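To keep things clear, I will list the structure first and then write my remarks on it.
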Amino acid sequence: MDEHVRICHFRNHYELTRKNLMVKNLKRYRKLLEREAGRMEAAKFDFYPSTFELPFEYHLFVEEFKRNPGSTWIMKPVARSQGKGIFLFRKLKDIMDWKKDGNRFEDQKDEIQVESYVAQRYIENPYLIGGRKFDLRVYVLVTSYTPLKAWLYRDGFARFSNTRFSLSSIDDNCILEFIVALAHYKLILILNVHLTNVAIQKTAPDYDPEKGCKWQMQQLRRYLIAKHGVDIIEMLFRDMDAIFVRSLQSVQKVIINDKHCFELYGYDILLDEQLKPWLIEVNASPSLTASSLEDYDLKCRLLEDTLHVVDMEGRLTGKEKQVGGFDLMWNDGPVYTDDSDYRTNTHLGVSGFSDSEWDFYWCDVGWLRDNFDHMYLEEHVRISHFRNHYQLTRKNLMVKNLKRYRKLLERETGRLEAEKCDFFPCTFELPFEYHLFVEEFKKNPGRTWIMKPVGRSQGEGIFLFRKLKDIMDWKKEGSRFDEQKDETQVERYVAQRYIENPYLIGDAHLTNVAIQKTAQDYDPEKGCKWQIQQLRRYLGAKHGMEAVETVFKDMDAIIVRSLQSVQKVIINDKHCFELYGYDILLDENLKPLTGKEKQVGGFDLIWNNGPVYKDISSLVPLGYSSFLANTHLAKNCNTVCWSTMTVVAFWLRVVTHTRLLSVPKTDLRYSAKNNRSSLASPEKM
């Protein structure tokens, strides 16, 4: 078989799924444990009824039968399913009648070989709901036996009988009815009481196909918890986990392992009135036929999640403990979730995902780069970055995309529309656009420029200059990180025209806190910030509310248009979101440079594949365009909000702040002796 081929069965899967071989392997493994670990450990395998294979163990069965006269037994053919060939009895006379007439298929009547059956002690005290018997169908996926790796599916269902349970239906005529029914391939009424198979129940005269006879596992778990309490039901589901693992361990050494194979088992579990789980059988090909819309959804999810675990695309890392609805239950040892005696995952029947089960990656960009393309993301997983978020957050790429978007607007809608993107200073990427920068520099001699490394933050590596000579000194000594001194690669910078006329409040301008807190007279208690509501009130008092409304509408436009500039280059993914921090500078003319809910907490929806009209009567055109957006930035809101800087994730934060410099306006100039920025007044430089 080619490397990519996968088969949905192991070579000798029947070691667990044939009723006789399953019991044979469980008995053998129990004896092995008793010999190696003691009787106490072997006693943990008391989860299957007393069972004998007929006709080979007939004499052993008779001995056990005579020890408990009057008890009920059930006969099952070892290789049939959907309730075919099953009957109940209480007398050995019934077995003799079966041996004469009922122990062959129709096509075997003339053959010497006798069909193998198992005689199993019938659970006479099943747990009843509404007077009806039920069993559980649980799905376990095994991807390897060497080492043993098993996954437990959270969803499953309980199958109910359509008729109220009663042992009085078993009488001396049971076998006679069975034989007649078998001859005509029909099922008798007695099976509707004692067997929960859908194939049996749907033959009942009063069966309603719309209602069906199933409960989802979550529904059953809620019912049991409400009736018996959380602790008891948690222990019940842990005992079921143990059944799955120990049954797989019993065949681990006899199953022929193959990397191309996997197996999806359908476990049938019966609860008695003491809430003790019993293993009835394991199905190699559990039915995927849906009996209702809810059942259809469950089985579609099951198949989809199975393929995700099998991982033919190679997206998993091998360290996942949950994939879709599957929880890793055993990985060559228990998967620890707590300090209980038998440690496995016990999410069977858990309804959806609780807060503690959500996978939320508030990741840094390094984690994103190393892991995003190599991991499978389940439906509920969320990551705090888009794959190529740097298209907007790297200084050089942001300007590149804005320039590209501006040219696109000019070509498609005209120069007037393109001029609305005139909200970022003239910028060049060095060293790649050095010659273009020099041409622009010479057009405006004496202007101040600012140099910023494209991949650093918090003011690191930034300096101001007015002469090309300063750039030459930077190229010689300051264009690399310390760890890059011996490398040929030059760190990328952007040269940006400095805003020489910033809007001032008390002779201060806006700047990074990481820089300001290094000043000698910095007061950490007072800080250097205003809440943006405070700034809005100040500007409104000084310039009038109409002028300030225009400023904040222009800021809305900057945010939306910058996002539009990268809309077609960002790799969209439903698992990702991004919380951007926009830094906006106002010049002395107050020009800013840089679901269905319209408000969630402190976030206002500003763009949803188009402008969001929140209050048309109070909105005026943005600038002189038809661009309408929400302008609640810095307006008080009734909800409790965090105070952060202006942040956007296609939503606009209501509460943000302004950063104020704690020293008078100064000039920044680069010194070749120090790779860091230096503060000095113009007179001293």
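Starting from 1 in every chain, residues are counted up; chains themselves are A, B, ... following the order of the structure tokens, and ligands are numbered from 1 as listed.
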**Asked** Excluding same-chain residues fewer than 2 positions from segment 568-578 of chain A, what lies within 7 Å of it counting only C-alpha atoms, as a VMD selection string?
**Response** chain A and resid 381 to 389 391 566 580 649
Residues of the last selection are to be written out with N, CA and C atoms, as a PDB file, in the first residue's frame.
ATOM      1  N   VAL A 381     -11.668  26.746  18.164  1.00  0.00           N
ATOM      2  CA  VAL A 381     -10.379  27.376  18.446  1.00  0.00           C
ATOM      3  C   VAL A 381     -10.349  28.800  17.884  1.00  0.00           C
ATOM      4  N   ARG A 382      -9.777  29.716  18.647  1.00  0.00           N
ATOM      5  CA  ARG A 382      -9.597  31.094  18.189  1.00  0.00           C
ATOM      6  C   ARG A 382      -8.151  31.523  18.435  1.00  0.00           C
ATOM      7  N   ILE A 383      -7.589  32.255  17.473  1.00  0.00           N
ATOM      8  CA  ILE A 383      -6.206  32.726  17.545  1.00  0.00           C
ATOM      9  C   ILE A 383      -6.206  34.236  17.371  1.00  0.00           C
ATOM     10  N   SER A 384      -5.351  34.893  18.131  1.00  0.00           N
ATOM     11  CA  SER A 384      -5.413  36.354  18.231  1.00  0.00           C
ATOM     12  C   SER A 384      -4.686  37.086  17.103  1.00  0.00           C
ATOM     13  N   HIS A 385      -4.319  36.400  16.036  1.00  0.00           N
ATOM     14  CA  HIS A 385      -3.701  37.057  14.879  1.00  0.00           C
ATOM     15  C   HIS A 385      -4.172  36.371  13.607  1.00  0.00           C
ATOM     16  N   PHE A 386      -4.273  37.136  12.536  1.00  0.00           N
ATOM     17  CA  PHE A 386      -4.398  36.542  11.218  1.00  0.00           C
ATOM     18  C   PHE A 386      -3.012  36.087  10.759  1.00  0.00           C
ATOM     19  N   ARG A 387      -3.024  35.168   9.803  1.00  0.00           N
ATOM     20  CA  ARG A 387      -1.772  34.520   9.409  1.00  0.00           C
ATOM     21  C   ARG A 387      -0.718  35.531   8.963  1.00  0.00           C
ATOM     22  N   ASN A 388      -1.091  36.477   8.124  1.00  0.00           N
ATOM     23  CA  ASN A 388      -0.130  37.487   7.651  1.00  0.00           C
ATOM     24  C   ASN A 388      -0.552  38.874   8.108  1.00  0.00           C
ATOM     25  N   HIS A 389      -0.824  38.990   9.396  1.00  0.00           N
ATOM     26  CA  HIS A 389      -1.251  40.258   9.991  1.00  0.00           C
ATOM     27  C   HIS A 389      -0.252  41.378   9.768  1.00  0.00           C
ATOM     28  N   GLN A 391       0.962  42.509   7.256  1.00  0.00           N
ATOM     29  CA  GLN A 391       0.705  43.356   6.097  1.00  0.00           C
ATOM     30  C   GLN A 391       0.208  44.739   6.502  1.00  0.00           C
ATOM     31  N   VAL A 566      -5.625  46.495   3.065  1.00  0.00           N
ATOM     32  CA  VAL A 566      -5.039  45.153   3.204  1.00  0.00           C
ATOM     33  C   VAL A 566      -6.099  44.060   3.140  1.00  0.00           C
ATOM     34  N   TYR A 580      -5.979  45.502  16.831  1.00  0.00           N
ATOM     35  CA  TYR A 580      -4.948  46.437  16.398  1.00  0.00           C
ATOM     36  C   TYR A 580      -4.857  47.613  17.355  1.00  0.00           C
ATOM     37  N   ALA A 649     -10.403  45.907  15.740  1.00  0.00           N
ATOM     38  CA  ALA A 649     -10.473  44.569  15.183  1.00  0.00           C
ATOM     39  C   ALA A 649     -11.738  44.549  14.336  1.00  0.00           C
TER      40      ALA A 649
END
**Message:** So that I can see what lies close to Met555 of chain A, please list as a VMD selection string the residues with an atom at most 8 Å from it, counting only C-alpha atoms and leaving out residues fewer than 3 positions away in the same chain.
**Reply:** chain A and resid 551 to 552 558 to 559 584 592
**Request:** Using only C-alpha atoms, find the one residue out of A:Glu41, A:Glu546, A:Glu263, A:Asp272 that sits nearest to Tyr145 of chain A.
**Result:** A:Glu263
**Request:** Name all residues at most 10 Å from segment 248-255 of chain A (count only C-alpha atoms; drop same-chain ones fewer than 4 positions away) and give them as a PyMOL selection string.
**Result:** chain A and resi 10-16+21-30+32+140+142+144-150+242-244+330
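Between atom CA of Thr143 of chain A and atom CA of Cys261 of chain A the interatomic distance comes to 7.0 Å.
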**Request:** Would you please extract all strand (DSSP E) residues from segment 207-309 of chain A, as assigned by DSSP on the backbone, and give them as an NGL selection string?
**Result:** :A and (214-216 or 263-271 or 277-283)
**Message:** Taking only C-alpha atoms into account, name the residue in A:Arg246, A:Lys395, A:Asp332, A:Gly459 that is nearest to Ala43 of chain A.
**Reply:**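 Ranked by minimum distance to Ala43 of chain A, first place goes to A:Arg246.
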**Asked** Arg137 of chain A: which residues within 7 Å, counting only C-alpha atoms, same-chain residues fewer than 3 positions away excluded, as number ranges by chain?
**Response** A: 156-158, 266-269
Selection above as a file: all heavy atoms, as a PDB file, in the first residue's frame:
ATOM      1  N   GLY A 156     -22.863  10.547  21.457  1.00  0.00           N
ATOM      2  CA  GLY A 156     -23.344   9.177  21.360  1.00  0.00           C
ATOM      3  C   GLY A 156     -24.839   9.230  21.583  1.00  0.00           C
ATOM      4  O   GLY A 156     -25.445  10.297  21.558  1.00  0.00           O
ATOM      5  N   PHE A 157     -25.448   8.095  21.838  1.00  0.00           N
ATOM      6  CA  PHE A 157     -26.886   8.126  22.077  1.00  0.00           C
ATOM      7  C   PHE A 157     -27.313   6.909  22.878  1.00  0.00           C
ATOM      8  O   PHE A 157     -26.583   5.905  22.982  1.00  0.00           O
ATOM      9  CB  PHE A 157     -27.670   8.208  20.762  1.00  0.00           C
ATOM     10  CG  PHE A 157     -27.280   7.185  19.729  1.00  0.00           C
ATOM     11  CD1 PHE A 157     -27.815   5.901  19.747  1.00  0.00           C
ATOM     12  CD2 PHE A 157     -26.383   7.507  18.729  1.00  0.00           C
ATOM     13  CE1 PHE A 157     -27.459   4.965  18.801  1.00  0.00           C
ATOM     14  CE2 PHE A 157     -26.011   6.577  17.778  1.00  0.00           C
ATOM     15  CZ  PHE A 157     -26.551   5.301  17.805  1.00  0.00           C
ATOM     16  N   ALA A 158     -28.483   7.020  23.476  1.00  0.00           N
ATOM     17  CA  ALA A 158     -29.134   5.920  24.179  1.00  0.00           C
ATOM     18  C   ALA A 158     -30.272   5.416  23.313  1.00  0.00           C
ATOM     19  O   ALA A 158     -31.085   6.205  22.831  1.00  0.00           O
ATOM     20  CB  ALA A 158     -29.656   6.390  25.533  1.00  0.00           C
ATOM     21  N   GLY A 266     -18.035   0.735  17.676  1.00  0.00           N
ATOM     22  CA  GLY A 266     -19.284   1.135  18.305  1.00  0.00           C
ATOM     23  C   GLY A 266     -19.529   0.258  19.518  1.00  0.00           C
ATOM     24  O   GLY A 266     -19.878  -0.922  19.373  1.00  0.00           O
ATOM     25  N   TYR A 267     -19.316   0.813  20.706  1.00  0.00           N
ATOM     26  CA  TYR A 267     -19.490   0.062  21.948  1.00  0.00           C
ATOM     27  C   TYR A 267     -20.951   0.108  22.373  1.00  0.00           C
ATOM     28  O   TYR A 267     -21.577   1.184  22.361  1.00  0.00           O
ATOM     29  CB  TYR A 267     -18.631   0.652  23.060  1.00  0.00           C
ATOM     30  CG  TYR A 267     -17.198   0.154  23.080  1.00  0.00           C
ATOM     31  CD1 TYR A 267     -16.276   0.610  22.142  1.00  0.00           C
ATOM     32  CD2 TYR A 267     -16.774  -0.757  24.035  1.00  0.00           C
ATOM     33  CE1 TYR A 267     -14.966   0.154  22.161  1.00  0.00           C
ATOM     34  CE2 TYR A 267     -15.463  -1.214  24.061  1.00  0.00           C
ATOM     35  CZ  TYR A 267     -14.573  -0.758  23.123  1.00  0.00           C
ATOM     36  OH  TYR A 267     -13.280  -1.211  23.139  1.00  0.00           O
ATOM     37  N   ASP A 268     -21.480  -1.050  22.778  1.00  0.00           N
ATOM     38  CA  ASP A 268     -22.824  -1.129  23.346  1.00  0.00           C
ATOM     39  C   ASP A 268     -22.704  -1.381  24.839  1.00  0.00           C
ATOM     40  O   ASP A 268     -22.168  -2.419  25.268  1.00  0.00           O
ATOM     41  CB  ASP A 268     -23.631  -2.248  22.684  1.00  0.00           C
ATOM     42  CG  ASP A 268     -23.990  -1.932  21.242  1.00  0.00           C
ATOM     43  OD1 ASP A 268     -23.903  -0.746  20.872  1.00  0.00           O
ATOM     44  OD2 ASP A 268     -24.346  -2.858  20.498  1.00  0.00           O
ATOM     45  N   ILE A 269     -23.177  -0.424  25.628  1.00  0.00           N
ATOM     46  CA  ILE A 269     -23.085  -0.471  27.091  1.00  0.00           C
ATOM     47  C   ILE A 269     -24.498  -0.501  27.672  1.00  0.00           C
ATOM     48  O   ILE A 269     -25.360   0.270  27.257  1.00  0.00           O
ATOM     49  CB  ILE A 269     -22.322   0.755  27.642  1.00  0.00           C
ATOM     50  CG1 ILE A 269     -20.931   0.857  27.009  1.00  0.00           C
ATOM     51  CG2 ILE A 269     -22.234   0.695  29.162  1.00  0.00           C
ATOM     52  CD1 ILE A 269     -19.974  -0.227  27.404  1.00  0.00           C
TER      53      ILE A 269
END
**Request:** Excluding Ser287 of chain A and any residue of its chain fewer than 2 positions from it, enumerate the residues within 12 Å of it, using only C-alpha atoms, and give them as a PyMOL selection string.
**Result:** chain A and resi 81-82+137-139+197-199+264-267+283-285+289-291+295-296+299+302-303
**Prompt:** So which residues of segment 413-447 of chain A fall under helix (DSSP H, G or I) by DSSP, listed as a PyMOL selection string?
**Reply:** chain A and resi 415-421+434-443
Selected residues, N, CA, C and O atoms, written as a CSV table (one decimal), in the first residue's frame, please.
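Once everything was written out, this is selection.csv:
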chain,number,residue,atom,x,y,z
A,415,ARG,N,-9.0,60.9,-9.0
A,415,ARG,CA,-8.1,61.5,-8.1
A,415,ARG,C,-8.7,62.0,-6.8
A,415,ARG,O,-8.0,61.9,-5.7
A,416,LEU,N,-9.9,62.5,-6.9
A,416,LEU,CA,-10.5,63.1,-5.7
A,416,LEU,C,-10.7,62.0,-4.6
A,416,LEU,O,-10.5,62.2,-3.4
A,417,GLU,N,-11.1,60.8,-5.0
A,417,GLU,CA,-11.3,59.7,-4.0
A,417,GLU,C,-10.0,59.2,-3.5
A,417,GLU,O,-9.8,58.9,-2.3
A,418,ALA,N,-8.9,59.2,-4.4
A,418,ALA,CA,-7.6,58.8,-3.9
A,418,ALA,C,-7.0,59.7,-2.9
A,418,ALA,O,-6.3,59.3,-2.0
A,419,GLU,N,-7.3,61.0,-3.1
A,419,GLU,CA,-6.7,62.0,-2.1
A,419,GLU,C,-7.3,61.8,-0.7
A,419,GLU,O,-6.7,62.4,0.2
A,420,LYS,N,-8.4,61.1,-0.5
A,420,LYS,CA,-8.8,60.8,0.8
A,420,LYS,C,-7.9,59.9,1.6
A,420,LYS,O,-8.1,59.7,2.8
A,421,CYS,N,-7.0,59.2,0.9
A,421,CYS,CA,-6.0,58.4,1.5
A,421,CYS,C,-4.8,59.2,1.9
A,421,CYS,O,-3.7,58.6,2.2
A,434,TYR,N,16.2,53.9,-1.3
A,434,TYR,CA,17.1,55.0,-0.9
A,434,TYR,C,17.2,56.1,-1.9
A,434,TYR,O,17.2,57.3,-1.6
A,435,HIS,N,17.3,55.7,-3.2
A,435,HIS,CA,17.5,56.8,-4.2
A,435,HIS,C,16.2,57.6,-4.4
A,435,HIS,O,16.3,58.8,-4.6
A,436,LEU,N,15.0,57.0,-4.2
A,436,LEU,CA,13.8,57.7,-4.3
A,436,LEU,C,13.7,58.7,-3.1
A,436,LEU,O,13.2,59.8,-3.2
A,437,PHE,N,14.2,58.2,-1.9
A,437,PHE,CA,14.2,59.0,-0.7
A,437,PHE,C,15.1,60.2,-0.9
A,437,PHE,O,14.7,61.4,-0.5
A,438,VAL,N,16.2,60.0,-1.5
A,438,VAL,CA,17.2,61.1,-1.7
A,438,VAL,C,16.6,62.2,-2.6
A,438,VAL,O,16.7,63.4,-2.3
A,439,GLU,N,15.9,61.8,-3.6
A,439,GLU,CA,15.3,62.8,-4.5
A,439,GLU,C,14.2,63.6,-3.8
A,439,GLU,O,14.2,64.8,-3.9
A,440,GLU,N,13.4,63.0,-2.9
A,440,GLU,CA,12.4,63.7,-2.2
A,440,GLU,C,13.1,64.6,-1.1
A,440,GLU,O,12.6,65.7,-0.9
A,441,PHE,N,14.1,64.1,-0.5
A,441,PHE,CA,14.8,64.8,0.5
A,441,PHE,C,15.4,66.1,-0.1
A,441,PHE,O,15.3,67.2,0.6
A,442,LYS,N,16.0,66.1,-1.3
A,442,LYS,CA,16.6,67.3,-1.9
A,442,LYS,C,15.5,68.3,-2.3
A,442,LYS,O,15.9,69.5,-2.5
A,443,LYS,N,14.3,67.8,-2.5
A,443,LYS,CA,13.2,68.8,-2.9
A,443,LYS,C,12.9,69.7,-1.8
A,443,LYS,O,12.3,70.8,-2.0
